[in-house]
Amino acid sequence: MLITCVSTRWNSEYLMIKRIIEELDNVNEVLYHNKNHKKLYLRPSDKEMMKIFCETFEPFFNLTKKISSEKYPSSNSVIYSIFSLRKKYSSSTCDNNIIKFVKLLILESLNWYVREYKILDNSSLILASFLTPNRKKFAIIEDLLTRQQYFEKAKAAIKVLINSQIFKFPIEQVDDTDKLNDSLDDSNYLSKPLDKKEINTALDKELES
C-alpha cells in the first residue's frame, strides 16, 4: 500500500517517497498499463534521485521520531538533536545542487523554529541534557566557548532549582550514628540542616566532577 503525503503530518513526504522506492516495480507496472499515466513511468534515474532524497531526509526523520516518542522522556535529546541536525545539513561537499538546496531549506526551517521558540535558551532542556550522563559535557557542540556556556547554564539551573520553593525541606547531613542520643526524644535523631554556603560549595564540587 502506498502512503500519501499530508502537509499536516511530519515526515509524510519522506515516508511517501520511501514507500514508492520499496514498491517501485509494482508502481511502474500500474503506470505502464494505464495509458493516462504511462508518461509517469519512473526511470532508473528517477529512482536514484528519490533514494538521494530519502537519504537526505532520513536523519531528520530518525531524530523527530525519537523526540516524538510517548514511551520514554525525550527532553534530554532536544539540544543534542538540534546541533546534530545542524551539523548534518551544513555539510554539502559532495551533493548536487538540488540536494544542497533541500538541505538549505531544512536548515533554514530548523533555525527558524529554534529562534522563534528560543529552544536553545530553554533552561529545562539544557538541564535535561546535562543530567544525561553521555551528554553531560555537551560534546555535540564543537565550539568550546558555546559548550562551556551551556555547561554553566545547566549548573545555574540546578542551583535555582535547589534554592527554589520546590524543595521545602532543607538538605541535611546525617550525624554519626555512634553519637546519637539513646533517649526517646525524637528531636535527638533529626539531622542538622546544612547552611546555604555549605550546600552551594558541595553542589559546585559535585557539578565539576
# chains A, B, ... in the order shown; residues from 1 in each chain; ligands from 1

$ residues_around --residues "stretch 59-71 of chain A" --least-positions-apart "5" --cutoff "8 Å" --atoms "only C-alpha atoms" --output "list in words"
Asn11, Tyr14, Ser77, Val78, Ser81, Leu85 and Lys88 of chain A

$ write_last_selection --atoms "all heavy atoms" --output "PDB file, in the first residue's frame"
ATOM      1  N   ASN A  11       7.093  14.346   8.315  1.00  0.00           N
ATOM      2  CA  ASN A  11       7.805  13.271   7.612  1.00  0.00           C
ATOM      3  C   ASN A  11       6.945  12.464   6.643  1.00  0.00           C
ATOM      4  O   ASN A  11       7.390  11.431   6.141  1.00  0.00           O
ATOM      5  CB  ASN A  11       8.453  12.305   8.616  1.00  0.00           C
ATOM      6  CG  ASN A  11       9.497  12.981   9.475  1.00  0.00           C
ATOM      7  OD1 ASN A  11      10.416  13.604   8.960  1.00  0.00           O
ATOM      8  ND2 ASN A  11       9.356  12.872  10.786  1.00  0.00           N
ATOM      9  N   TYR A  14       8.632  12.134   3.260  1.00  0.00           N
ATOM     10  CA  TYR A  14       9.741  11.164   3.313  1.00  0.00           C
ATOM     11  C   TYR A  14       9.206   9.734   3.250  1.00  0.00           C
ATOM     12  O   TYR A  14       9.713   8.897   2.493  1.00  0.00           O
ATOM     13  CB  TYR A  14      10.540  11.377   4.599  1.00  0.00           C
ATOM     14  CG  TYR A  14      11.431  10.217   4.973  1.00  0.00           C
ATOM     15  CD1 TYR A  14      12.672  10.048   4.364  1.00  0.00           C
ATOM     16  CD2 TYR A  14      11.028   9.290   5.931  1.00  0.00           C
ATOM     17  CE1 TYR A  14      13.491   8.977   4.699  1.00  0.00           C
ATOM     18  CE2 TYR A  14      11.840   8.221   6.271  1.00  0.00           C
ATOM     19  CZ  TYR A  14      13.066   8.067   5.655  1.00  0.00           C
ATOM     20  OH  TYR A  14      13.862   7.009   5.990  1.00  0.00           O
ATOM     21  N   SER A  77      16.995  14.877  24.650  1.00  0.00           N
ATOM     22  CA  SER A  77      17.513  14.683  23.290  1.00  0.00           C
ATOM     23  C   SER A  77      17.385  15.932  22.421  1.00  0.00           C
ATOM     24  O   SER A  77      17.943  15.970  21.324  1.00  0.00           O
ATOM     25  CB  SER A  77      16.760  13.531  22.601  1.00  0.00           C
ATOM     26  OG  SER A  77      16.919  12.328  23.303  1.00  0.00           O
ATOM     27  N   VAL A  78      16.665  16.930  22.896  1.00  0.00           N
ATOM     28  CA  VAL A  78      16.345  18.085  22.047  1.00  0.00           C
ATOM     29  C   VAL A  78      17.589  18.888  21.673  1.00  0.00           C
ATOM     30  O   VAL A  78      17.842  19.149  20.488  1.00  0.00           O
ATOM     31  CB  VAL A  78      15.308  18.996  22.736  1.00  0.00           C
ATOM     32  CG1 VAL A  78      15.073  20.257  21.910  1.00  0.00           C
ATOM     33  CG2 VAL A  78      14.002  18.241  22.938  1.00  0.00           C
ATOM     34  N   SER A  81      19.828  16.905  19.433  1.00  0.00           N
ATOM     35  CA  SER A  81      19.248  16.712  18.101  1.00  0.00           C
ATOM     36  C   SER A  81      19.408  17.952  17.228  1.00  0.00           C
ATOM     37  O   SER A  81      19.708  17.847  16.032  1.00  0.00           O
ATOM     38  CB  SER A  81      17.764  16.359  18.226  1.00  0.00           C
ATOM     39  OG  SER A  81      17.595  15.137  18.912  1.00  0.00           O
ATOM     40  N   LEU A  85      21.511  17.862  13.823  1.00  0.00           N
ATOM     41  CA  LEU A  85      20.906  18.170  12.523  1.00  0.00           C
ATOM     42  C   LEU A  85      21.635  19.321  11.832  1.00  0.00           C
ATOM     43  O   LEU A  85      21.853  19.291  10.616  1.00  0.00           O
ATOM     44  CB  LEU A  85      19.430  18.524  12.696  1.00  0.00           C
ATOM     45  CG  LEU A  85      18.474  17.358  12.946  1.00  0.00           C
ATOM     46  CD1 LEU A  85      17.074  17.878  13.224  1.00  0.00           C
ATOM     47  CD2 LEU A  85      18.453  16.402  11.756  1.00  0.00           C
ATOM     48  N   LYS A  88      24.745  17.897  10.279  1.00  0.00           N
ATOM     49  CA  LYS A  88      24.472  17.046   9.114  1.00  0.00           C
ATOM     50  C   LYS A  88      24.085  17.865   7.891  1.00  0.00           C
ATOM     51  O   LYS A  88      24.528  17.599   6.777  1.00  0.00           O
ATOM     52  CB  LYS A  88      23.363  16.046   9.443  1.00  0.00           C
ATOM     53  CG  LYS A  88      23.778  14.935  10.394  1.00  0.00           C
ATOM     54  CD  LYS A  88      22.630  13.991  10.665  1.00  0.00           C
ATOM     55  CE  LYS A  88      22.996  12.931  11.691  1.00  0.00           C
ATOM     56  NZ  LYS A  88      24.084  12.041  11.231  1.00  0.00           N
TER      57      LYS A  88
END

$ select_by_dssp --residues "stretch 4-195 of chain A" --states "helix (DSSP H, G or I)" --output "ChimeraX atom specification"
/A:12-22,24-32,38-40,44-67,75-90,97-116,119-121,123-130,133-135,144-162,177-179,186-189

$ atom_distance --atom1 "atom CA of A:Ala139" --atom2 "atom CA of A:Val102"
27.1 Å

$ closest_residue --among "A:Ile126, A:Met16, A:Val6, A:Leu110" --to "A:Tyr150" --atoms "only C-alpha atoms"
A:Ile126

$ closest_residue --among "A:Pro133, A:Glu116, A:Ile141, A:Lys153" --to "A:Arg86" --atoms "only C-alpha atoms"
A:Ile141

$ atom_distance --atom1 "atom CA of A:Lys47" --atom2 "atom CA of A:Thr8"
25.7 Å

$ closest_residue --among "A:Trp10, A:Phe138, A:Phe130, A:Tyr113" --to "A:Ala156" --atoms "only C-alpha atoms"
A:Phe130

$ closest_residue --among "A:Val30, A:Ala128, A:Ile82, A:Ile20" --to "A:Asn111" --atoms "only C-alpha atoms"
A:Ile82
